[in-house]
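Printed here is final.txt (compact mmCIF, C-alpha atoms (C1' of nucleotides)):
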```txt
# COMPACT_ATOMS: atom_id res chain seq x y z
CA MET A 1 11.27 58.01 12.26
CA PRO A 2 11.10 57.12 8.58
CA ASN A 3 8.39 55.15 6.80
CA ASN A 4 5.82 56.11 9.34
CA GLN A 5 3.53 57.70 6.84
CA PHE A 6 2.07 54.88 4.80
CA LYS A 7 -1.08 55.54 2.93
CA LYS A 8 -3.54 52.69 2.98
CA SER A 9 -3.33 52.00 -0.71
CA GLU A 10 0.41 51.61 -0.55
CA LEU A 11 0.33 49.48 2.52
CA TYR A 12 -2.02 46.89 1.19
CA SER A 13 -0.20 45.76 -1.90
CA PHE A 14 3.03 45.54 0.02
CA ILE A 15 1.54 43.16 2.52
CA THR A 16 -0.42 40.95 0.20
CA GLY A 17 2.44 40.11 -2.12
CA LYS A 18 0.38 40.37 -5.27
CA ALA A 19 3.54 40.51 -7.36
CA SER A 20 4.96 37.24 -6.09
CA THR A 21 1.55 35.59 -6.33
CA ALA A 22 1.40 36.70 -9.93
CA ILE A 23 4.89 35.33 -10.62
CA SER A 24 4.03 31.98 -9.04
CA ARG A 25 0.83 31.65 -11.03
CA ARG A 26 2.56 32.52 -14.26
CA LEU A 27 5.40 30.09 -13.59
CA GLN A 28 2.86 27.38 -12.78
CA LYS A 29 1.09 28.12 -16.04
CA ASN A 30 4.36 28.00 -17.97
CA PHE A 31 5.19 24.66 -16.37
CA LYS A 32 1.82 23.31 -17.41
CA LEU A 33 2.20 24.57 -20.98
CA ALA A 34 5.54 22.78 -21.13
CA GLY A 35 3.90 19.58 -19.86
CA ILE A 36 5.57 19.74 -16.46
CA GLU A 37 3.16 18.53 -13.80
CA ILE A 38 4.70 19.69 -10.53
CA THR A 39 3.69 22.54 -8.26
CA ILE A 40 5.84 25.62 -7.76
CA GLU A 41 6.24 24.62 -4.12
CA GLN A 42 7.55 21.20 -5.14
CA TRP A 43 9.85 22.87 -7.66
CA SER A 44 11.20 25.15 -4.94
CA VAL A 45 12.32 22.08 -3.00
CA LEU A 46 13.92 20.49 -6.06
CA TYR A 47 15.63 23.82 -6.75
CA HIS A 48 17.57 23.61 -3.50
CA LEU A 49 18.36 19.93 -3.97
CA TRP A 50 19.81 20.68 -7.39
CA LYS A 51 22.11 23.16 -5.70
CA GLU A 52 23.03 20.67 -2.99
CA ASP A 53 21.79 17.11 -3.07
CA GLY A 54 21.31 15.10 0.08
CA ILE A 55 20.54 17.91 2.51
CA SER A 56 18.23 17.33 5.46
CA GLN A 57 14.61 18.34 5.82
CA GLN A 58 15.65 20.95 8.35
CA GLN A 59 18.04 22.45 5.83
CA LEU A 60 15.20 22.53 3.34
CA CYS A 61 13.09 24.36 5.93
CA ASP A 62 15.76 27.02 6.27
CA ALA A 63 16.37 27.29 2.54
CA THR A 64 12.72 27.56 1.55
CA PHE A 65 11.50 29.54 4.57
CA ARG A 66 8.91 26.89 5.38
CA ASP A 67 8.15 25.12 8.65
CA LYS A 68 8.86 21.47 9.33
CA PRO A 69 5.38 20.09 8.69
CA SER A 70 5.28 21.85 5.33
CA ILE A 71 8.54 20.24 4.29
CA THR A 72 7.48 16.83 5.60
CA ARG A 73 4.45 16.94 3.34
CA LEU A 74 6.22 18.41 0.34
CA VAL A 75 8.81 15.64 0.60
CA ASP A 76 5.96 13.12 1.02
CA ASN A 77 4.42 14.28 -2.24
CA LEU A 78 7.74 14.48 -4.08
CA GLU A 79 8.49 10.95 -2.95
CA LYS A 80 5.13 9.74 -4.25
CA LEU A 81 6.00 11.36 -7.57
CA LYS A 82 9.35 9.52 -7.45
CA LEU A 83 11.25 12.79 -7.72
CA VAL A 84 13.13 12.50 -4.43
CA LYS A 85 14.11 9.78 -2.02
CA ARG A 86 14.35 9.94 1.78
CA VAL A 87 17.42 8.22 3.20
CA ALA A 88 17.78 7.93 6.96
CA SER A 89 21.14 9.34 7.99
CA LYS A 90 23.62 6.92 9.55
CA ASP A 91 25.42 9.54 11.64
CA ASP A 92 22.29 11.00 13.14
CA ARG A 93 19.33 8.71 13.18
CA ARG A 94 16.86 11.55 13.70
CA MET A 95 17.77 12.96 10.35
CA ASN A 96 16.68 12.22 6.77
CA ARG A 97 18.83 13.09 3.82
CA ILE A 98 16.82 13.93 0.72
CA TYR A 99 18.16 12.87 -2.66
CA ILE A 100 17.10 13.81 -6.18
CA THR A 101 16.14 10.91 -8.44
CA ALA A 102 17.25 10.59 -12.07
CA GLU A 103 13.75 11.58 -13.12
CA ALA A 104 13.95 14.84 -11.17
CA GLN A 105 17.45 15.48 -12.46
CA GLU A 106 15.99 15.65 -15.94
CA LEU A 107 13.66 18.46 -14.95
CA GLN A 108 16.40 20.84 -13.94
CA VAL A 109 17.43 22.43 -17.22
CA LEU A 110 13.95 22.96 -18.60
CA THR A 111 12.38 24.24 -15.39
CA MET A 112 15.23 26.65 -14.77
CA GLU A 113 14.78 27.97 -18.30
CA LEU A 114 11.07 28.38 -17.68
CA ALA A 115 11.75 30.19 -14.43
CA ASN A 116 14.14 32.55 -16.17
CA GLN A 117 11.66 33.15 -18.94
CA THR A 118 8.88 33.81 -16.43
CA LEU A 119 11.02 36.33 -14.62
CA ASN A 120 11.74 38.09 -17.89
CA GLU A 121 8.02 38.28 -18.58
CA ALA A 122 7.53 39.68 -15.09
CA LEU A 123 10.25 42.30 -15.37
CA GLU A 124 9.43 43.56 -18.85
CA GLY A 125 9.97 47.29 -18.83
CA VAL A 126 11.88 47.35 -15.55
CA THR A 127 15.52 48.43 -15.60
CA ASN A 128 18.31 46.39 -14.05
CA GLY A 129 18.99 49.22 -11.64
CA GLN A 130 15.43 49.19 -10.40
CA VAL A 131 15.51 45.42 -10.02
CA GLU A 132 18.70 45.70 -7.98
CA ILE A 133 17.08 48.11 -5.56
CA ALA A 134 13.89 46.07 -5.33
CA LYS A 135 15.95 43.00 -4.49
CA GLU A 136 17.84 44.90 -1.80
CA VAL A 137 14.60 46.13 -0.24
CA LEU A 138 13.02 42.67 -0.27
CA GLN A 139 16.18 41.16 1.17
CA GLN A 140 16.23 43.76 3.94
CA VAL A 141 12.55 43.13 4.74
CA TYR A 142 13.27 39.44 4.98
CA GLU A 143 16.26 40.04 7.25
CA ASN A 144 14.25 42.37 9.45
CA LEU A 145 11.46 39.89 10.03
CA LYS A 146 12.81 36.38 9.71
CA MET B 1 17.01 42.29 -24.13
CA PRO B 2 17.35 43.35 -20.52
CA ASN B 3 17.10 41.19 -17.41
CA ASN B 4 18.09 38.09 -19.28
CA GLN B 5 21.03 37.33 -17.05
CA PHE B 6 19.55 36.14 -13.78
CA LYS B 7 21.72 34.14 -11.54
CA LYS B 8 19.99 31.29 -9.81
CA SER B 9 20.35 32.72 -6.35
CA GLU B 10 18.70 35.95 -7.39
CA LEU B 11 15.95 34.25 -9.27
CA TYR B 12 14.75 32.09 -6.44
CA SER B 13 13.98 34.67 -3.83
CA PHE B 14 12.18 36.79 -6.36
CA ILE B 15 9.84 33.97 -7.25
CA THR B 16 9.14 32.65 -3.79
CA GLY B 17 8.10 35.94 -2.27
CA LYS B 18 9.92 35.34 0.99
CA ALA B 19 9.57 39.00 1.90
CA SER B 20 5.80 39.08 1.61
CA THR B 21 5.53 35.75 3.40
CA ALA B 22 7.59 37.24 6.21
CA ILE B 23 5.39 40.32 6.37
CA SER B 24 2.20 38.24 6.49
CA ARG B 25 3.55 36.04 9.25
CA ARG B 26 4.63 39.02 11.30
CA LEU B 27 1.31 40.78 10.83
CA GLN B 28 -0.50 37.59 11.83
CA LYS B 29 1.68 37.40 14.93
CA ASN B 30 1.01 41.03 15.75
CA PHE B 31 -2.72 40.46 15.38
CA LYS B 32 -2.52 37.54 17.75
CA LEU B 33 -0.52 39.48 20.33
CA ALA B 34 -3.21 42.16 20.21
CA GLY B 35 -5.88 39.51 20.75
CA ILE B 36 -7.27 39.76 17.23
CA GLU B 37 -8.29 36.32 16.00
CA ILE B 38 -8.67 36.72 12.28
CA THR B 39 -6.41 35.58 9.47
CA ILE B 40 -4.51 37.99 7.25
CA GLU B 41 -6.56 36.77 4.32
CA GLN B 42 -9.78 37.59 6.15
CA TRP B 43 -8.33 40.97 7.09
CA SER B 44 -7.49 41.66 3.46
CA VAL B 45 -11.17 41.26 2.59
CA LEU B 46 -12.27 43.51 5.44
CA TYR B 47 -9.66 46.04 4.31
CA HIS B 48 -11.40 46.50 0.98
CA LEU B 49 -14.85 46.59 2.56
CA TRP B 50 -13.70 49.35 4.88
CA LYS B 51 -12.71 51.31 1.81
CA GLU B 52 -16.03 50.58 0.11
CA ASP B 53 -18.78 48.73 1.88
CA GLY B 54 -21.33 46.66 0.00
CA ILE B 55 -19.21 45.68 -3.00
CA SER B 56 -19.80 42.36 -4.73
CA GLN B 57 -17.79 39.18 -4.40
CA GLN B 58 -16.51 39.70 -7.93
CA GLN B 59 -15.24 43.13 -6.95
CA LEU B 60 -13.51 41.54 -3.98
CA CYS B 61 -11.89 39.06 -6.37
CA ASP B 62 -10.49 41.90 -8.45
CA ALA B 63 -9.41 43.91 -5.43
CA THR B 64 -7.65 41.07 -3.63
CA PHE B 65 -6.33 39.25 -6.72
CA ARG B 66 -8.08 36.03 -5.70
CA ASP B 67 -10.34 33.74 -7.67
CA LYS B 68 -14.05 33.34 -7.09
CA PRO B 69 -13.95 30.16 -5.02
CA SER B 70 -11.39 31.73 -2.68
CA ILE B 71 -13.65 34.72 -2.09
CA THR B 72 -16.72 32.51 -1.65
CA ARG B 73 -14.98 30.69 1.17
CA LEU B 74 -13.40 33.74 2.76
CA VAL B 75 -16.82 35.35 2.84
CA ASP B 76 -18.28 32.10 4.23
CA ASN B 77 -15.80 32.21 7.09
CA LEU B 78 -16.19 35.93 7.70
CA GLU B 79 -19.94 35.41 7.82
CA LYS B 80 -19.55 32.62 10.39
CA LEU B 81 -17.44 35.01 12.45
CA LYS B 82 -20.26 37.57 12.10
CA LEU B 83 -17.86 40.10 10.57
CA VAL B 84 -19.67 40.47 7.25
CA LYS B 85 -23.12 39.84 5.89
CA ARG B 86 -24.12 38.67 2.41
CA VAL B 87 -27.08 40.52 0.97
CA ALA B 88 -28.54 39.36 -2.34
CA SER B 89 -28.69 42.30 -4.74
CA LYS B 90 -32.14 43.40 -5.86
CA ASP B 91 -30.97 44.82 -9.19
CA ASP B 92 -29.04 41.74 -10.21
CA ARG B 93 -30.14 38.58 -8.54
CA ARG B 94 -26.89 36.77 -9.39
CA MET B 95 -24.95 39.14 -7.23
CA ASN B 96 -24.27 39.36 -3.51
CA ARG B 97 -23.37 42.60 -1.83
CA ILE B 98 -21.04 42.13 1.14
CA TYR B 99 -21.50 44.40 4.14
CA ILE B 100 -19.32 44.98 7.17
CA THR B 101 -20.98 44.36 10.55
CA ALA B 102 -20.62 46.64 13.56
CA GLU B 103 -18.27 44.10 15.09
CA ALA B 104 -15.95 44.26 12.08
CA GLN B 105 -16.17 48.02 11.99
CA GLU B 106 -14.56 48.06 15.42
CA LEU B 107 -11.53 46.20 14.13
CA GLN B 108 -10.59 48.79 11.56
CA VAL B 109 -8.60 51.31 13.58
CA LEU B 110 -6.57 48.82 15.57
CA THR B 111 -5.77 46.47 12.68
CA MET B 112 -4.74 49.33 10.44
CA GLU B 113 -2.42 50.53 13.18
CA LEU B 114 -0.98 47.04 13.51
CA ALA B 115 -0.49 46.82 9.76
CA ASN B 116 1.32 50.14 9.74
CA GLN B 117 3.46 49.09 12.65
CA THR B 118 4.30 45.79 10.96
CA LEU B 119 5.32 47.56 7.82
CA ASN B 120 7.58 49.84 9.82
CA GLU B 121 9.20 46.80 11.40
CA ALA B 122 9.65 45.34 7.93
CA LEU B 123 11.17 48.46 6.42
CA GLU B 124 13.55 49.33 9.24
CA GLY B 125 16.73 50.63 7.64
CA VAL B 126 15.21 51.11 4.19
CA THR B 127 14.95 54.61 2.81
CA ASN B 128 11.74 56.06 1.44
CA GLY B 129 13.37 56.39 -1.96
CA GLN B 130 14.21 52.72 -2.05
CA VAL B 131 10.68 51.81 -0.96
CA GLU B 132 9.27 53.94 -3.75
CA ILE B 133 11.32 52.10 -6.35
CA ALA B 134 10.49 48.69 -4.88
CA LYS B 135 6.80 49.55 -5.03
CA GLU B 136 7.11 50.62 -8.64
CA VAL B 137 8.87 47.41 -9.57
CA LEU B 138 6.30 45.23 -7.79
CA GLN B 139 3.47 47.19 -9.38
CA GLN B 140 5.01 46.75 -12.83
CA VAL B 141 5.48 43.00 -12.24
CA TYR B 142 1.84 42.75 -11.26
CA GLU B 143 0.73 44.71 -14.33
CA ASN B 144 2.89 42.57 -16.60
CA LEU B 145 1.44 39.30 -15.37
CA LYS B 146 -2.09 39.88 -14.11
C1' DT C 1 -39.85 34.99 -27.50
C1' DT C 2 -36.60 31.80 -27.88
C1' DT C 3 -31.85 30.73 -27.89
C1' DA C 4 -27.07 31.57 -27.22
C1' DT C 5 -23.67 33.54 -24.61
C1' DG C 6 -21.73 35.85 -20.72
C1' DT C 7 -21.45 36.74 -15.72
C1' DA C 8 -21.92 35.87 -10.42
C1' DG C 9 -21.41 32.72 -7.31
C1' DT C 10 -20.94 27.73 -5.35
C1' DT C 11 -19.10 23.02 -4.81
C1' DG C 12 -15.66 19.26 -5.22
C1' DC C 13 -11.07 17.94 -5.15
C1' DA C 14 -5.99 18.19 -4.54
C1' DT C 15 -2.22 20.76 -2.63
C1' DA C 16 -0.20 23.74 0.68
C1' DA C 17 0.42 26.63 5.03
C1' DA C 18 0.35 27.63 10.13
C1' DC C 19 0.20 26.00 14.62
C1' DA C 20 0.21 22.66 18.35
C1' DA C 21 1.20 18.30 20.05
C1' DC C 22 3.66 14.38 19.52
C1' DT C 23 7.80 10.55 18.92
C1' DA C 24 12.50 9.44 18.53
C1' DT C 25 17.16 10.42 18.83
C1' DA C 26 21.16 13.24 20.39
C1' DT C 27 23.75 15.96 23.64
C1' DG C 28 25.34 17.88 27.78
C1' DC C 29 25.51 17.99 32.72
C1' DC C 30 25.24 15.78 37.50
C1' DG D 1 24.85 5.95 33.90
C1' DG D 2 20.76 8.84 34.35
C1' DC D 3 18.23 12.93 33.63
C1' DA D 4 17.15 17.38 31.42
C1' DT D 5 17.07 19.64 27.33
C1' DA D 6 17.52 20.35 22.46
C1' DT D 7 16.86 18.81 17.70
C1' DA D 8 14.71 16.18 13.51
C1' DG D 9 10.83 14.75 11.84
C1' DT D 10 5.62 13.35 11.87
C1' DT D 11 0.59 13.80 12.59
C1' DG D 12 -3.86 16.29 13.33
C1' DT D 13 -6.64 20.23 12.55
C1' DT D 14 -8.08 24.53 10.41
C1' DT D 15 -7.64 27.77 6.78
C1' DA D 16 -6.48 29.05 2.18
C1' DT D 17 -5.39 28.37 -2.92
C1' DG D 18 -6.07 26.76 -7.81
C1' DC D 19 -8.59 24.50 -11.12
C1' DA D 20 -12.68 22.41 -13.15
C1' DA D 21 -17.41 21.75 -13.25
C1' DC D 22 -21.60 23.33 -12.04
C1' DT D 23 -26.21 26.40 -11.13
C1' DA D 24 -28.68 30.55 -11.61
C1' DC D 25 -29.52 34.78 -13.60
C1' DA D 26 -28.78 38.49 -17.22
C1' DT D 27 -28.23 40.16 -21.79
C1' DA D 28 -28.28 40.38 -26.62
C1' DA D 29 -29.19 38.46 -31.07
C1' DA D 30 -32.29 35.69 -34.13
```

Starting from the file, give its structure as structure tokens.
Amino acid sequence: MPNNQFKKSELYSFITGKASTAISRRLQKNFKLAGIEITIEQWSVLYHLWKEDGISQQQLCDATFRDKPSITRLVDNLEKLKLVKRVASKDDRRMNRIYITAEAQELQVLTMELANQTLNEALEGVTNGQVEIAKEVLQQVYENLK
Amino acid sequence: MPNNQFKKSELYSFITGKASTAISRRLQKNFKLAGIEITIEQWSVLYHLWKEDGISQQQLCDATFRDKPSITRLVDNLEKLKLVKRVASKDDRRMNRIYITAEAQELQVLTMELANQTLNEALEGVTNGQVEIAKEVLQQVYENLK
DNA sequence: TTTATGTAGTTGCATAAACAACTATATGCC
DNA sequence: GGCATATAGTTGTTTATGCAACTACATAAA
């Protein structure tokens, strides 16, 4: 029966995700400083499209751990910004394929650099070994609950 | 120059906080199953008031890592639910002191149990040593960026 | 005492999340 | 073919977040 002895103070910060909130805010700030006017949530969608263009909204749900309405609206907003384009699939008419536009393609290199830089700011003073373990724990938590 | 070699796949999940999202969703679900109809965000405010009743909204901002408008509205909603009460401070008339009601007091034991239980679900298969390191890393990230 | 500056909290606006209910299309079984 | 069921996506509603602009009060300096 491990982990059954959480003190309140420890429990709270684990649940609230203050660290990831802090990372998101900092990344958003770094985007803004670089003149990039998209939200981190929008960026997270582009991120997966850069890895694989033309995936469906459902695939974006799975990749970003968001529900379908969230993705519908993120894609709505990205489409308004002319960063992605919905294309109805021919094979399966229920499905949309989402494609990156040229304008969004241009954002990839800079935003990925900014994300890397932000993560370095976040992990200042943390060893690679510690990061490895933290990643394993977070991955396991995700697996346990998803 | 440590930590400068993030691979994309590693980077993403660190930024998006999928683990803490998963924990929040599970805790929300566990609240609902127990018939408790408050949001995790509302609970996080109550949590700090249980530790110290009558603190100001600004103190709640600092404790919960939220901005002032967020706390204004969380307190608005908690007040509507009759779980807290705003009391204008006599010493400093700019300030509100926020007090737990009897109704909210009753939620403490059960919700803390549910939070503990949720965390145990989340950390199934993770050793205490690993959790310790993960907590240290997340704390350091928070300190680096706050 | 007046004025400047800082602090506590609120309001407006845009974006996003969670959940339920819905439409449209696909699939599998009789 | 026809019906049940599953899947992809959308819409409505409530709650929450982030930022900017604002009001009210407090404090400290001139």

Residue list as a PDB file with C-alpha atoms, in the coordinates of the input for point (-15.7, 46.1, -0.8), cut-off 10 Å, all atoms listed in the file:
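The resulting file, part-v2.pdb, is reproduced below:
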```
ATOM      1  CA  VAL B  45     -11.170  41.260   2.590  1.00  0.00           C
ATOM      2  CA  LEU B  46     -12.270  43.510   5.440  1.00  0.00           C
ATOM      3  CA  TYR B  47      -9.660  46.040   4.310  1.00  0.00           C
ATOM      4  CA  HIS B  48     -11.400  46.500   0.980  1.00  0.00           C
ATOM      5  CA  LEU B  49     -14.850  46.590   2.560  1.00  0.00           C
ATOM      6  CA  TRP B  50     -13.700  49.350   4.880  1.00  0.00           C
ATOM      7  CA  LYS B  51     -12.710  51.310   1.810  1.00  0.00           C
ATOM      8  CA  GLU B  52     -16.030  50.580   0.110  1.00  0.00           C
ATOM      9  CA  ASP B  53     -18.780  48.730   1.880  1.00  0.00           C
ATOM     10  CA  GLY B  54     -21.330  46.660   0.000  1.00  0.00           C
ATOM     11  CA  ILE B  55     -19.210  45.680  -3.000  1.00  0.00           C
ATOM     12  CA  SER B  56     -19.800  42.360  -4.730  1.00  0.00           C
ATOM     13  CA  GLN B  57     -17.790  39.180  -4.400  1.00  0.00           C
ATOM     14  CA  GLN B  58     -16.510  39.700  -7.930  1.00  0.00           C
ATOM     15  CA  GLN B  59     -15.240  43.130  -6.950  1.00  0.00           C
ATOM     16  CA  LEU B  60     -13.510  41.540  -3.980  1.00  0.00           C
ATOM     17  CA  CYS B  61     -11.890  39.060  -6.370  1.00  0.00           C
ATOM     18  CA  ALA B  63      -9.410  43.910  -5.430  1.00  0.00           C
ATOM     19  CA  THR B  64      -7.650  41.070  -3.630  1.00  0.00           C
ATOM     20  CA  ARG B  97     -23.370  42.600  -1.830  1.00  0.00           C
ATOM     21  CA  ILE B  98     -21.040  42.130   1.140  1.00  0.00           C
ATOM     22  CA  TYR B  99     -21.500  44.400   4.140  1.00  0.00           C
ATOM     23  CA  ILE B 100     -19.320  44.980   7.170  1.00  0.00           C
TER      24      ILE B 100
END
```

Write out as CSV the residues of chain B that have any atom within 8 Å of an atom of chain C, one row each with the nearest atom pair and its distance in Å to one decimal, counting only C-alpha atoms (C1' of nucleotides), sorted by chain and then rising number.
```
residue,atom,partner,partner_atom,distance
B:Gln57,CA,C:DG9,C1',8.0
B:Gln58,CA,C:DA8,C1',7.1
B:Lys68,CA,C:DG9,C1',7.4
B:Pro69,CA,C:DT10,C1',7.4
B:Thr72,CA,C:DG9,C1',7.4
B:Arg94,CA,C:DA8,C1',5.2
B:Met95,CA,C:DA8,C1',5.5
```

Original post:
atom CA of Ser44 of chain B and atom CA of Leu74 of chain B are how many Å apart?
Top reply: 9.9 Å

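Closest approach to chain A among B:Gln42, B:Gln117, B:Asn77, B:Gln108: B:Gln117, based on all atoms listed in the file.
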
Original post:
Which polymer residues have any atom within 7 Å of an atom of Thr118 of chain B, counting all atoms listed in the file, with same-chain residues fewer than 4 positions away left out, as an NGL selection string?
Top reply: :B and (26-27 or 114 or 122)

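Residues with any atom within 9 Å of Ala115 of chain A, counting only C-alpha atoms (C1' of nucleotides) and excluding same-chain neighbours fewer than 3 positions away, are Leu27, Asn30, Phe31, Leu110, Thr111, Met112, Thr118, Leu119 and Asn120 of chain A; Leu11, Tyr12 and Ile15 of chain B.
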